[in-house]
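Chemist: Just so it is clear, I am handing over my_file04.pdb, which has PDB, C-alpha atoms and all ligand atoms.
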ATOM      1  CA  MET A1226      -9.261 -16.948 -12.532
ATOM      2  CA  ALA A1227     -12.265 -16.600 -14.848
ATOM      3  CA  GLY A1228     -14.564 -13.751 -13.808
ATOM      4  CA  LYS A1229     -12.222 -12.601 -11.065
ATOM      5  CA  LYS A1230     -10.535  -9.208 -10.715
ATOM      6  CA  LEU A1231      -6.896  -9.520 -11.716
ATOM      7  CA  LEU A1232      -4.526  -7.812  -9.311
ATOM      8  CA  LEU A1233      -0.826  -7.142  -9.377
ATOM      9  CA  VAL A1234       0.470  -5.851  -6.046
ATOM     10  CA  ASP A1235       3.620  -3.785  -5.569
ATOM     11  CA  CYS A1236       4.664  -3.361  -1.950
ATOM     12  CA  ASP A1237       7.431  -2.584   0.536
ATOM     13  CA  CYS A1238       5.975  -5.158   2.896
ATOM     14  CA  GLY A1239       5.646  -3.541   6.273
ATOM     15  CA  LEU A1240       2.801  -4.378   8.632
ATOM     16  CA  ASP A1241       0.001  -2.637   6.770
ATOM     17  CA  ASP A1242       1.235  -4.015   3.440
ATOM     18  CA  ALA A1243       0.925  -7.471   5.005
ATOM     19  CA  GLN A1244      -2.604  -6.627   6.126
ATOM     20  CA  ALA A1245      -3.526  -5.362   2.654
ATOM     21  CA  LEU A1246      -2.055  -8.474   1.017
ATOM     22  CA  MET A1247      -4.046 -10.699   3.347
ATOM     23  CA  MET A1248      -7.164  -8.717   2.457
ATOM     24  CA  ALA A1249      -6.570  -9.431  -1.246
ATOM     25  CA  LEU A1250      -5.857 -13.104  -0.579
ATOM     26  CA  GLY A1251      -9.042 -13.368   1.487
ATOM     27  CA  ALA A1252     -11.273 -11.803  -1.178
ATOM     28  CA  PRO A1253     -13.112 -14.459  -3.210
ATOM     29  CA  ASN A1254     -13.566 -12.140  -6.227
ATOM     30  CA  VAL A1255      -9.840 -11.492  -6.629
ATOM     31  CA  HIS A1256      -6.954 -13.303  -8.324
ATOM     32  CA  VAL A1257      -3.474 -12.058  -7.415
ATOM     33  CA  LEU A1258      -1.227 -12.649 -10.432
ATOM     34  CA  GLY A1259       1.982 -11.632  -8.705
ATOM     35  CA  ILE A1260       3.575  -9.558  -6.001
ATOM     36  CA  THR A1261       6.470  -7.222  -6.766
ATOM     37  CA  CYS A1262       8.656  -5.904  -3.973
ATOM     38  CA  CYS A1263      10.443  -2.626  -3.455
ATOM     39  CA  HIS A1264      12.480  -0.841  -0.780
ATOM     40  CA  GLY A1265      10.584   1.355   1.664
ATOM     41  CA  ASN A1266       9.403   0.293   5.080
ATOM     42  CA  THR A1267      12.471  -1.927   5.296
ATOM     43  CA  SER A1268      15.277  -3.117   3.005
ATOM     44  CA  LEU A1269      14.337  -4.722  -0.291
ATOM     45  CA  ASP A1270      15.425  -8.180   0.912
ATOM     46  CA  ASN A1271      13.367  -7.858   4.075
ATOM     47  CA  ALA A1272      10.369  -6.736   2.027
ATOM     48  CA  CYS A1273      10.760  -9.859  -0.149
ATOM     49  CA  ARG A1274      11.110 -12.117   2.899
ATOM     50  CA  ASN A1275       8.054 -10.548   4.475
ATOM     51  CA  VAL A1276       5.903 -11.164   1.415
ATOM     52  CA  LEU A1277       7.018 -14.807   1.379
ATOM     53  CA  ARG A1278       6.108 -15.065   5.069
ATOM     54  CA  VAL A1279       2.652 -13.606   4.454
ATOM     55  CA  LEU A1280       2.056 -16.055   1.600
ATOM     56  CA  LYS A1281       3.152 -18.932   3.812
ATOM     57  CA  ALA A1282       0.796 -17.777   6.596
ATOM     58  CA  CYS A1283      -2.029 -17.698   4.032
ATOM     59  CA  LYS A1284      -0.993 -21.002   2.411
ATOM     60  CA  ARG A1285      -0.673 -19.227  -0.951
ATOM     61  CA  THR A1286       2.968 -19.832  -1.773
ATOM     62  CA  GLU A1287       2.058 -20.546  -5.403
ATOM     63  CA  ILE A1288       1.790 -16.774  -6.054
ATOM     64  CA  PRO A1289       5.005 -15.561  -7.726
ATOM     65  CA  VAL A1290       7.059 -12.960  -5.848
ATOM     66  CA  PHE A1291       9.561 -10.699  -7.618
ATOM     67  CA  ARG A1292      12.489  -8.654  -6.295
ATOM     68  CA  GLY A1293      12.499  -5.056  -7.497
ATOM     69  CA  THR A1294      14.307  -1.801  -6.816
ATOM     70  CA  SER A1295      16.429  -1.431  -3.697
ATOM     71  CA  SER A1296      16.423   2.363  -3.476
ATOM     72  CA  SER A1297      14.550   5.405  -4.719
ATOM     73  CA  LEU A1298      15.377   6.963  -8.094
ATOM     74  CA  LEU A1299      17.699   9.521  -6.469
ATOM     75  CA  GLY A1300      18.835   7.148  -3.720
ATOM     76  CA  GLN A1301      17.348   8.819  -0.669
ATOM     77  CA  CYS A1302      15.676   6.688   1.975
ATOM     78  CA  LEU A1303      13.618   7.263   5.103
ATOM     79  CA  ASP A1304      13.395   5.169   8.254
ATOM     80  CA  SER A1305      10.031   3.758   9.358
ATOM     81  CA  SER A1306      11.338   1.047  11.707
ATOM     82  CA  ALA A1307       9.798   2.709  14.782
ATOM     83  CA  TYR A1308       6.415   1.451  13.617
ATOM     84  CA  HIS A1309       7.142  -1.553  11.370
ATOM     85  CA  GLY A1310      10.177  -2.915  13.216
ATOM     86  CA  LYS A1311      13.699  -3.177  11.787
ATOM     87  CA  ASP A1312      12.751  -6.196   9.678
ATOM     88  CA  GLY A1313       9.533  -4.460   8.570
ATOM     89  CA  LEU A1314       7.337  -7.116  10.135
ATOM     90  CA  GLY A1315       7.476  -6.431  13.852
ATOM     91  CA  ASP A1316      10.888  -8.014  14.614
ATOM     92  CA  VAL A1317       9.480 -11.431  15.520
ATOM     93  CA  PRO A1318      11.599 -13.715  13.320
ATOM     94  CA  ASP A1319      10.210 -17.052  12.196
ATOM     95  CA  PRO A1320      13.022 -19.653  11.991
ATOM     96  CA  SER A1321      11.013 -21.636   9.450
ATOM     97  CA  ALA A1322      10.273 -18.632   7.223
ATOM     98  CA  PRO A1323      10.810 -19.251   3.483
ATOM     99  CA  GLY A1324      14.165 -17.995   2.159
ATOM    100  CA  LEU A1325      14.912 -15.702  -0.740
ATOM    101  CA  GLU A1326      15.515 -18.733  -2.987
ATOM    102  CA  HIS A1327      11.713 -18.852  -3.316
ATOM    103  CA  LEU A1328      11.722 -15.602  -5.296
ATOM    104  CA  GLN A1329      11.327 -15.621  -9.061
ATOM    105  CA  SER A1330      14.534 -14.892 -10.960
ATOM    106  CA  GLU A1331      12.871 -12.285 -13.194
ATOM    107  CA  HIS A1332      13.286  -8.679 -11.993
ATOM    108  CA  ALA A1333      10.087  -7.132 -10.579
ATOM    109  CA  VAL A1334      10.041  -4.304 -13.117
ATOM    110  CA  ASN A1335      10.376  -6.735 -16.054
ATOM    111  CA  ALA A1336       7.692  -8.935 -14.510
ATOM    112  CA  MET A1337       5.324  -5.993 -14.146
ATOM    113  CA  VAL A1338       5.732  -5.028 -17.801
ATOM    114  CA  ARG A1339       5.374  -8.640 -18.949
ATOM    115  CA  ILE A1340       2.318  -9.488 -16.846
ATOM    116  CA  VAL A1341       0.520  -6.236 -17.702
ATOM    117  CA  THR A1342       1.268  -6.772 -21.410
ATOM    118  CA  GLU A1343      -0.011 -10.360 -21.260
ATOM    119  CA  HIS A1344      -3.287  -9.115 -19.741
ATOM    120  CA  THR A1345      -3.674  -5.749 -21.448
ATOM    121  CA  GLY A1346      -6.621  -3.747 -20.131
ATOM    122  CA  GLN A1347      -7.412  -6.262 -17.406
ATOM    123  CA  ILE A1348      -5.043  -5.610 -14.539
ATOM    124  CA  SER A1349      -5.540  -3.432 -11.487
ATOM    125  CA  LEU A1350      -2.137  -2.493 -10.116
ATOM    126  CA  VAL A1351      -2.166  -1.824  -6.382
ATOM    127  CA  ALA A1352       0.870   0.175  -5.252
ATOM    128  CA  LEU A1353       1.490   0.136  -1.508
ATOM    129  CA  GLY A1354       5.029   1.445  -1.219
ATOM    130  CA  PRO A1355       7.307   4.061  -2.793
ATOM    131  CA  LEU A1356       6.485   4.181  -6.500
ATOM    132  CA  THR A1357      10.004   3.323  -7.742
ATOM    133  CA  ASN A1358       9.123  -0.008  -9.415
ATOM    134  CA  VAL A1359       5.949   1.420 -10.931
ATOM    135  CA  ALA A1360       7.748   4.463 -12.371
ATOM    136  CA  MET A1361      10.570   2.242 -13.666
ATOM    137  CA  ALA A1362       8.036   0.006 -15.431
ATOM    138  CA  SER A1363       6.766   2.994 -17.402
ATOM    139  CA  LYS A1364      10.331   3.972 -18.285
ATOM    140  CA  MET A1365      11.013   0.420 -19.530
ATOM    141  CA  ASP A1366       7.753   0.417 -21.467
ATOM    142  CA  PRO A1367       6.268   3.878 -22.153
ATOM    143  CA  THR A1368       2.912   2.248 -22.977
ATOM    144  CA  PHE A1369       2.792   0.539 -19.563
ATOM    145  CA  SER A1370       0.061   2.733 -18.050
ATOM    146  CA  THR A1371      -2.125   2.480 -21.167
ATOM    147  CA  LYS A1372      -2.200  -1.302 -20.673
ATOM    148  CA  LEU A1373      -3.400  -1.113 -17.080
ATOM    149  CA  LYS A1374      -7.087  -1.294 -16.273
ATOM    150  CA  ASP A1375      -6.477   1.034 -13.353
ATOM    151  CA  LEU A1376      -4.041   1.943 -10.609
ATOM    152  CA  TYR A1377      -4.630   2.119  -6.850
ATOM    153  CA  VAL A1378      -2.074   4.003  -4.792
ATOM    154  CA  MET A1379      -1.586   4.426  -1.080
ATOM    155  CA  GLY A1380       0.389   7.600  -0.839
ATOM    156  CA  GLY A1381       0.508  11.353  -0.843
ATOM    157  CA  ASN A1382      -1.630  13.777   1.035
ATOM    158  CA  MET A1383      -4.469  16.189   0.265
ATOM    159  CA  GLU A1384      -4.320  18.699   3.092
ATOM    160  CA  ALA A1385      -0.549  19.079   3.489
ATOM    161  CA  VAL A1386      -0.493  16.752   6.515
ATOM    162  CA  GLY A1387       2.665  14.639   6.487
ATOM    163  CA  ASN A1388       3.728  11.645   8.511
ATOM    164  CA  VAL A1389       7.508  11.622   7.897
ATOM    165  CA  THR A1390       8.108  15.256   7.064
ATOM    166  CA  VAL A1391       5.936  18.280   7.798
ATOM    167  CA  CYS A1392       4.056  17.883   4.521
ATOM    168  CA  GLY A1393       5.269  14.544   3.244
ATOM    169  CA  GLU A1394       3.647  11.120   3.415
ATOM    170  CA  PHE A1395       6.164   8.246   3.620
ATOM    171  CA  ASN A1396       5.690   6.603   0.194
ATOM    172  CA  PHE A1397       5.781   9.877  -1.763
ATOM    173  CA  ALA A1398       8.469  11.486   0.410
ATOM    174  CA  THR A1399      10.713   8.424  -0.015
ATOM    175  CA  ASP A1400      10.649   8.694  -3.814
ATOM    176  CA  PRO A1401       9.095  11.994  -4.938
ATOM    177  CA  GLU A1402      10.505  11.637  -8.484
ATOM    178  CA  ALA A1403       8.831   8.259  -8.905
ATOM    179  CA  ALA A1404       5.561   9.681  -7.579
ATOM    180  CA  SER A1405       5.897  12.555 -10.032
ATOM    181  CA  ILE A1406       6.384  10.186 -12.984
ATOM    182  CA  VAL A1407       3.296   8.222 -12.002
ATOM    183  CA  LEU A1408       1.062  11.211 -11.273
ATOM    184  CA  ASN A1409       2.144  13.169 -14.340
ATOM    185  CA  GLN A1410       2.781  10.554 -16.993
ATOM    186  CA  PHE A1411       0.276   7.761 -16.341
ATOM    187  CA  SER A1412      -2.929   7.804 -18.330
ATOM    188  CA  CYS A1413      -4.951   5.035 -16.647
ATOM    189  CA  PRO A1414      -7.659   5.793 -14.061
ATOM    190  CA  THR A1415      -5.782   6.378 -10.792
ATOM    191  CA  TYR A1416      -7.351   6.043  -7.355
ATOM    192  CA  ILE A1417      -5.423   7.519  -4.435
ATOM    193  CA  ALA A1418      -5.770   6.763  -0.727
ATOM    194  CA  THR A1419      -3.923   9.674   0.867
ATOM    195  CA  TRP A1420      -2.512   9.777   4.374
ATOM    196  CA  GLU A1421      -5.320  12.068   5.567
ATOM    197  CA  TYR A1422      -7.972   9.764   4.064
ATOM    198  CA  THR A1423      -6.566   6.866   6.067
ATOM    199  CA  LEU A1424      -6.359   8.979   9.233
ATOM    200  CA  ARG A1425      -9.956  10.033   8.854
ATOM    201  CA  HIS A1426     -11.118   6.430   8.593
ATOM    202  CA  GLN A1427      -8.977   4.776  11.262
ATOM    203  CA  LEU A1428     -10.563   1.950  13.210
ATOM    204  CA  PRO A1429     -10.952   1.850  16.988
ATOM    205  CA  TRP A1430      -8.318  -0.173  18.884
ATOM    206  CA  LYS A1431     -11.267  -2.249  20.134
ATOM    207  CA  PHE A1432     -11.742  -3.424  16.534
ATOM    208  CA  PHE A1433      -8.044  -4.243  16.334
ATOM    209  CA  GLU A1434      -8.239  -6.336  19.533
ATOM    210  CA  GLU A1435     -11.207  -8.329  18.227
ATOM    211  CA  TRP A1436      -9.516  -8.689  14.849
ATOM    212  CA  VAL A1437      -6.227 -10.162  16.065
ATOM    213  CA  ASN A1438      -8.100 -12.385  18.523
ATOM    214  CA  LEU A1439     -10.340 -14.069  15.943
ATOM    215  CA  GLY A1440      -8.621 -17.321  16.795
ATOM    216  CA  THR A1441      -7.745 -18.345  13.239
ATOM    217  CA  GLU A1442      -4.186 -19.185  12.135
ATOM    218  CA  LYS A1443      -4.057 -15.954  10.138
ATOM    219  CA  ALA A1444      -5.197 -13.916  13.144
ATOM    220  CA  CYS A1445      -2.479 -15.546  15.295
ATOM    221  CA  PHE A1446       0.088 -14.565  12.663
ATOM    222  CA  MET A1447      -1.241 -10.993  12.672
ATOM    223  CA  LYS A1448      -1.250 -10.846  16.463
ATOM    224  CA  THR A1449       2.380 -11.975  16.508
ATOM    225  CA  ILE A1450       3.685  -9.506  13.951
ATOM    226  CA  THR A1451       1.754  -6.551  15.401
ATOM    227  CA  ARG A1452       2.991  -7.081  18.950
ATOM    228  CA  HIS A1453       5.504  -4.337  18.270
ATOM    229  CA  SER A1454       2.903  -1.849  17.020
ATOM    230  CA  GLY A1455       0.738  -2.858  19.971
ATOM    231  CA  LYS A1456       3.468  -1.369  22.164
ATOM    232  CA  TYR A1457       3.469   1.629  19.843
ATOM    233  CA  LYS A1458      -0.255   1.956  20.414
ATOM    234  CA  THR A1459       0.205   2.142  24.188
ATOM    235  CA  VAL A1460       2.931   4.756  23.783
ATOM    236  CA  MET A1461       0.730   6.819  21.480
ATOM    237  CA  GLN A1462      -2.215   6.627  23.823
ATOM    238  CA  ASN A1463      -0.158   7.593  26.824
ATOM    239  CA  GLU A1464       1.739  10.364  25.118
ATOM    240  CA  ALA A1465      -1.174  12.193  23.571
ATOM    241  CA  GLU A1466      -4.793  11.243  23.968
ATOM    242  CA  SER A1467      -5.734  13.446  21.051
ATOM    243  CA  HIS A1468      -2.885  12.313  18.802
ATOM    244  CA  LEU A1469      -4.021  11.772  15.219
ATOM    245  CA  GLU A1470      -2.798   8.176  15.325
ATOM    246  CA  SER A1471      -4.623   7.245  18.495
ATOM    247  CA  ALA A1472      -6.563   4.596  16.553
ATOM    248  CA  PHE A1473      -5.613   1.649  14.327
ATOM    249  CA  ASN A1474      -4.574   2.790  10.862
ATOM    250  CA  SER A1475      -3.947   0.053   8.304
ATOM    251  CA  CYS A1476      -3.031   2.604   5.599
ATOM    252  CA  ASP A1477      -2.359   0.256   2.713
ATOM    253  CA  SER A1478      -5.583  -1.655   3.287
ATOM    254  CA  TYR A1479      -7.610   1.395   2.225
ATOM    255  CA  ALA A1480      -6.115   1.345  -1.272
ATOM    256  CA  MET A1481      -6.472  -2.436  -1.466
ATOM    257  CA  ALA A1482     -10.104  -2.378  -0.285
ATOM    258  CA  THR A1483     -11.036  -0.055  -3.150
ATOM    259  CA  ALA A1484      -9.332  -2.264  -5.713
ATOM    260  CA  ILE A1485     -11.320  -5.223  -4.373
ATOM    261  CA  ASP A1486     -14.662  -3.422  -4.069
ATOM    262  CA  ALA A1487     -15.095   0.032  -5.639
ATOM    263  CA  SER A1488     -18.170   0.715  -3.504
ATOM    264  CA  VAL A1489     -15.964   0.970  -0.390
ATOM    265  CA  VAL A1490     -15.335   4.590  -1.416
ATOM    266  CA  THR A1491     -18.484   6.701  -1.375
ATOM    267  CA  GLU A1492     -16.993  10.063  -2.396
ATOM    268  CA  TYR A1493     -13.981  11.216  -4.419
ATOM    269  CA  ILE A1494     -12.313  14.496  -5.239
ATOM    270  CA  ARG A1495     -11.828  14.435  -8.994
ATOM    271  CA  CYS A1496      -8.874  16.566 -10.089
ATOM    272  CA  SER A1497      -5.397  16.364 -11.508
ATOM    273  CA  VAL A1498      -2.633  15.875  -8.980
ATOM    274  CA  SER A1499       1.096  16.358  -8.867
ATOM    275  CA  VAL A1500       3.904  16.264  -6.341
ATOM    276  CA  GLU A1501       6.277  18.956  -5.110
ATOM    277  CA  LEU A1502       9.879  18.091  -5.968
ATOM    278  CA  GLN A1503      11.736  21.140  -4.774
ATOM    279  CA  GLY A1504      10.292  22.764  -1.657
ATOM    280  CA  LEU A1505      12.560  22.899   1.368
ATOM    281  CA  LEU A1506       9.644  21.983   3.627
ATOM    282  CA  THR A1507       7.276  20.532   1.047
ATOM    283  CA  ARG A1508       9.323  18.110  -1.087
ATOM    284  CA  GLY A1509       7.216  14.988  -1.577
ATOM    285  CA  MET A1510       3.908  16.717  -0.830
ATOM    286  CA  MET A1511       1.026  15.868  -3.140
ATOM    287  CA  VAL A1512      -0.615  18.877  -4.769
ATOM    288  CA  LEU A1513      -4.283  18.922  -5.805
ATOM    289  CA  ASP A1514      -4.949  21.078  -8.841
ATOM    290  CA  SER A1515      -8.595  21.739  -8.020
ATOM    291  CA  GLN A1516      -8.794  24.667 -10.471
ATOM    292  CA  ASN A1517      -7.123  22.712 -13.270
ATOM    293  CA  LEU A1518      -4.436  25.389 -13.625
ATOM    294  CA  LEU A1519      -1.915  22.773 -14.754
ATOM    295  CA  GLY A1520      -4.204  21.895 -17.659
ATOM    296  CA  LYS A1521      -3.594  18.158 -17.288
ATOM    297  CA  GLU A1522      -5.928  15.715 -18.977
ATOM    298  CA  ASN A1523      -5.810  12.837 -16.537
ATOM    299  CA  HIS A1524      -7.831  13.623 -13.443
ATOM    300  CA  ALA A1525      -7.202  11.352 -10.485
ATOM    301  CA  PHE A1526      -9.794   9.982  -8.083
ATOM    302  CA  VAL A1527      -8.672  11.173  -4.661
ATOM    303  CA  MET A1528     -10.566   9.174  -2.058
ATOM    304  CA  LYS A1529     -12.628  11.271   0.316
ATOM    305  CA  LYS A1530     -15.215   9.136   2.126
ATOM    306  CA  CYS A1531     -15.131   5.463   2.999
ATOM    307  CA  ASP A1532     -17.972   3.050   3.761
ATOM    308  CA  ILE A1533     -16.379   1.981   7.004
ATOM    309  CA  GLU A1534     -18.651  -1.031   7.582
ATOM    310  CA  LYS A1535     -17.684  -2.488   4.187
ATOM    311  CA  PHE A1536     -14.042  -1.780   4.948
ATOM    312  CA  LYS A1537     -14.310  -3.575   8.296
ATOM    313  CA  ARG A1538     -15.883  -6.594   6.602
ATOM    314  CA  LEU A1539     -12.963  -6.847   4.192
ATOM    315  CA  MET A1540     -10.537  -6.544   7.120
ATOM    316  CA  MET A1541     -12.322  -9.344   8.967
ATOM    317  CA  ALA A1542     -12.359 -11.577   5.870
ATOM    318  CA  ALA A1543      -8.580 -11.084   5.596
ATOM    319  CA  LEU A1544      -8.008 -13.106   8.766
ATOM    320  CA  GLN A1545     -10.682 -15.809   8.307
TER
HETATM  321  C1  LIG A1601       2.679   4.316   4.024
HETATM  322  O1  LIG A1601       4.035   4.260   4.428
HETATM  323  C2  LIG A1601       4.312   2.994   4.980
HETATM  324  O2  LIG A1601       4.820   3.146   6.274
HETATM  325  C3  LIG A1601       3.038   2.219   5.005
HETATM  326  O3  LIG A1601       3.277   0.858   4.666
HETATM  327  C4  LIG A1601       2.177   2.901   3.988
HETATM  328  O4  LIG A1601       2.369   2.365   2.704
HETATM  329  C5  LIG A1601       1.939   5.241   4.944
HETATM  330  O5  LIG A1601       2.462   6.541   4.846
HETATM  331 CA    CA A1602       3.514   0.172   2.395
END
Transcribe the structure of this file into structure tokens.
Ligand code: BDR
Ligand code: CA
Modeler:
Amino acid sequence: MAGKKLLLVDCDCGLDDAQALMMALGAPNVHVLGITCCHGNTSLDNACRNVLRVLKACKRTEIPVFRGTSSSLLGQCLDSSAYHGKDGLGDVPDPSAPGLEHLQSEHAVNAMVRIVTEHTGQISLVALGPLTNVAMASKMDPTFSTKLKDLYVMGGNMEAVGNVTVCGEFNFATDPEAASIVLNQFSCPTYIATWEYTLRHQLPWKFFEEWVNLGTEKACFMKTITRHSGKYKTVMQNEAESHLESAFNSCDSYAMATAIDASVVTEYIRCSVSVELQGLLTRGMMVLDSQNLLGKENHAFVMKKCDIEKFKRLMMAALQ
């Protein structure tokens, strides 16, 4: 643990969350103190099961896993099973998967507050799902964000391009109020990998094929759980050659990569950000205040350019 980056990961464990987790577990400079789970890509229980499965595949079952919030602050939910599968991990059940009895008894939100307090100023929180747990932590402890070293978020958008609604990215659109609490009330440095940033830095399917065929146990696991999105890939390619998602997009891995190695991002937009809570078409959309008209003090780091070769190396290391 000494000299390593301390990470706490909050996720809704779909496929790209699994990939991001494996990236963190494969990084020698990182120590993952705990993984907190929330609803999102699948039900909360499935998200917990999926994290336990990933830890088993990586032989890292000593990392504590906590069960968090099962719905957004206002209770709405969105369906992403077309990509992640109904169970969130490609619908390829493992009969020997660890059960929920392996979870810690402490609630994820309490665990977040406790762990961050125990390591004040040292923890990078990486948020890969709807921000419900993260927002709740700051409601339980209003000083929560001041105790974080920094926060890495996969979510939101910067050019009004949505993936679940016209202008809404899944994590923010699922719980816009939670996103609003985090973007408007947190004071720690906040690094955001938006949907468009991930689209712009997708990897070729050729990379994906090489990646899942590395021949390691972890690569076999990845190949198995992504069989479903492999089918998705074929559909996407056939349906629209120019479709934005015609390449491999491991969204959550972009936020994780930056937490592991800051030099993966080579350019940021520095401005305050917020989220639309009311618009009929725009609820959940992230708003960039590039003219500082909102007069907010905390300016986020919105990721703009990625060193794709460094990113690929981290992806490869995830499955070694
Ligand atoms: C985000 O939504 C989920 O489907 C992914 O896991 C990622 O966190 C992308 O919009
Ligand atoms: Ca996610």
Chemist: Grab me every residue within 9 Å of ligand CA 1602 (chain A), counting only C-alpha atoms and all ligand atoms, and send it over as a compact mmCIF listing (two decimals) with C-alpha atoms, in the coordinates of the input.
Modeler:
# COMPACT_ATOMS: atom_id res chain seq x y z
CA ASP A 1235 3.62 -3.78 -5.57
CA CYS A 1236 4.66 -3.36 -1.95
CA ASP A 1237 7.43 -2.58 0.54
CA CYS A 1238 5.98 -5.16 2.90
CA GLY A 1239 5.65 -3.54 6.27
CA LEU A 1240 2.80 -4.38 8.63
CA ASP A 1241 0.00 -2.64 6.77
CA ASP A 1242 1.24 -4.01 3.44
CA ALA A 1243 0.92 -7.47 5.00
CA ALA A 1245 -3.53 -5.36 2.65
CA GLY A 1265 10.58 1.36 1.66
CA ASN A 1266 9.40 0.29 5.08
CA ALA A 1352 0.87 0.18 -5.25
CA LEU A 1353 1.49 0.14 -1.51
CA GLY A 1354 5.03 1.44 -1.22
CA PRO A 1355 7.31 4.06 -2.79
CA MET A 1379 -1.59 4.43 -1.08
CA GLY A 1380 0.39 7.60 -0.84
CA PHE A 1395 6.16 8.25 3.62
CA ASN A 1396 5.69 6.60 0.19
CA CYS A 1476 -3.03 2.60 5.60
CA ASP A 1477 -2.36 0.26 2.71
Chemist: Which one is closest to ligand LIG 1601 (chain A): A:Ala1249, A:Ala1398, A:Met1226, A:Cys1273? Count only C-alpha atoms and all ligand atoms.
Modeler: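 Looking only at the distances to ligand LIG 1601 (chain A), the closest residue turns out to be A:Ala1398.
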Chemist: Any chance you could work out the residue set of the PyMOL selection byres (((chain A and resi 1406) around 12) and not hetatm) here, as a PDB file with C-alpha atoms, in the coordinates of the input?
Modeler:
ATOM      1  CA  LEU A1298      15.377   6.963  -8.094  1.00  0.00           C
ATOM      2  CA  PRO A1355       7.307   4.061  -2.793  1.00  0.00           C
ATOM      3  CA  LEU A1356       6.485   4.181  -6.500  1.00  0.00           C
ATOM      4  CA  THR A1357      10.004   3.323  -7.742  1.00  0.00           C
ATOM      5  CA  ASN A1358       9.123  -0.008  -9.415  1.00  0.00           C
ATOM      6  CA  VAL A1359       5.949   1.420 -10.931  1.00  0.00           C
ATOM      7  CA  ALA A1360       7.748   4.463 -12.371  1.00  0.00           C
ATOM      8  CA  MET A1361      10.570   2.242 -13.666  1.00  0.00           C
ATOM      9  CA  ALA A1362       8.036   0.006 -15.431  1.00  0.00           C
ATOM     10  CA  SER A1363       6.766   2.994 -17.402  1.00  0.00           C
ATOM     11  CA  LYS A1364      10.331   3.972 -18.285  1.00  0.00           C
ATOM     12  CA  PRO A1367       6.268   3.878 -22.153  1.00  0.00           C
ATOM     13  CA  SER A1370       0.061   2.733 -18.050  1.00  0.00           C
ATOM     14  CA  PHE A1397       5.781   9.877  -1.763  1.00  0.00           C
ATOM     15  CA  ASP A1400      10.649   8.694  -3.814  1.00  0.00           C
ATOM     16  CA  PRO A1401       9.095  11.994  -4.938  1.00  0.00           C
ATOM     17  CA  GLU A1402      10.505  11.637  -8.484  1.00  0.00           C
ATOM     18  CA  ALA A1403       8.831   8.259  -8.905  1.00  0.00           C
ATOM     19  CA  ALA A1404       5.561   9.681  -7.579  1.00  0.00           C
ATOM     20  CA  SER A1405       5.897  12.555 -10.032  1.00  0.00           C
ATOM     21  CA  VAL A1407       3.296   8.222 -12.002  1.00  0.00           C
ATOM     22  CA  LEU A1408       1.062  11.211 -11.273  1.00  0.00           C
ATOM     23  CA  ASN A1409       2.144  13.169 -14.340  1.00  0.00           C
ATOM     24  CA  GLN A1410       2.781  10.554 -16.993  1.00  0.00           C
ATOM     25  CA  PHE A1411       0.276   7.761 -16.341  1.00  0.00           C
ATOM     26  CA  SER A1412      -2.929   7.804 -18.330  1.00  0.00           C
ATOM     27  CA  VAL A1498      -2.633  15.875  -8.980  1.00  0.00           C
ATOM     28  CA  SER A1499       1.096  16.358  -8.867  1.00  0.00           C
ATOM     29  CA  VAL A1500       3.904  16.264  -6.341  1.00  0.00           C
ATOM     30  CA  GLU A1501       6.277  18.956  -5.110  1.00  0.00           C
ATOM     31  CA  LEU A1502       9.879  18.091  -5.968  1.00  0.00           C
TER      32      LEU A1502
END
Chemist: Name every residue that the PyMOL selection byres (((chain A and resi 1393) around 10) and not hetatm) selects in this structure, writing the answer as a compact mmCIF listing (two decimals) with C-alpha atoms, in the frame of the given file with chains first and numbers rising.
Modeler:
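Output below, filename expr38.txt:
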# COMPACT_ATOMS: atom_id res chain seq x y z
CA GLY A 1380 0.39 7.60 -0.84
CA GLY A 1381 0.51 11.35 -0.84
CA ASN A 1382 -1.63 13.78 1.03
CA ALA A 1385 -0.55 19.08 3.49
CA VAL A 1386 -0.49 16.75 6.52
CA GLY A 1387 2.66 14.64 6.49
CA ASN A 1388 3.73 11.64 8.51
CA VAL A 1389 7.51 11.62 7.90
CA THR A 1390 8.11 15.26 7.06
CA VAL A 1391 5.94 18.28 7.80
CA CYS A 1392 4.06 17.88 4.52
CA GLU A 1394 3.65 11.12 3.42
CA PHE A 1395 6.16 8.25 3.62
CA ASN A 1396 5.69 6.60 0.19
CA PHE A 1397 5.78 9.88 -1.76
CA ALA A 1398 8.47 11.49 0.41
CA THR A 1399 10.71 8.42 -0.02
CA PRO A 1401 9.10 11.99 -4.94
CA TRP A 1420 -2.51 9.78 4.37
CA VAL A 1500 3.90 16.26 -6.34
CA GLU A 1501 6.28 18.96 -5.11
CA LEU A 1506 9.64 21.98 3.63
CA THR A 1507 7.28 20.53 1.05
CA ARG A 1508 9.32 18.11 -1.09
CA GLY A 1509 7.22 14.99 -1.58
CA MET A 1510 3.91 16.72 -0.83
CA MET A 1511 1.03 15.87 -3.14
Chemist: Expand the PyMOL selection byres (((chain A and resi 1441) around 12) and not hetatm) into the individual residues it matches in the shown file, reporting them as a VMD selection string.
Modeler: chain A and resid 1282 to 1283 1435 to 1440 1442 to 1448 1541 to 1545
Chemist: Please determine, counting all atoms listed in the file, which residue among A:Gly1313, A:Gly1251, A:Gly1300, A:Gly1293 has the shortest atom-to-atom distance to ligand LIG 1601 (chain A).
Modeler: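 Looking only at the distances to ligand LIG 1601 (chain A), the closest residue turns out to be A:Gly1313.
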Chemist: Between atom CA of Thr1451 of chain A and atom CA of Asp1316 of chain A, what is the distance, to one decimal in Å?
Modeler: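 So the answer is 9.3 Å.
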Chemist: Of the candidates A:Lys1530, A:Gln1347, A:Ala1484, A:Asn1335, which one gets nearest to Thr1419 of chain A if we count all atoms listed in the file?
Modeler: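 Closest candidate: A:Lys1530.
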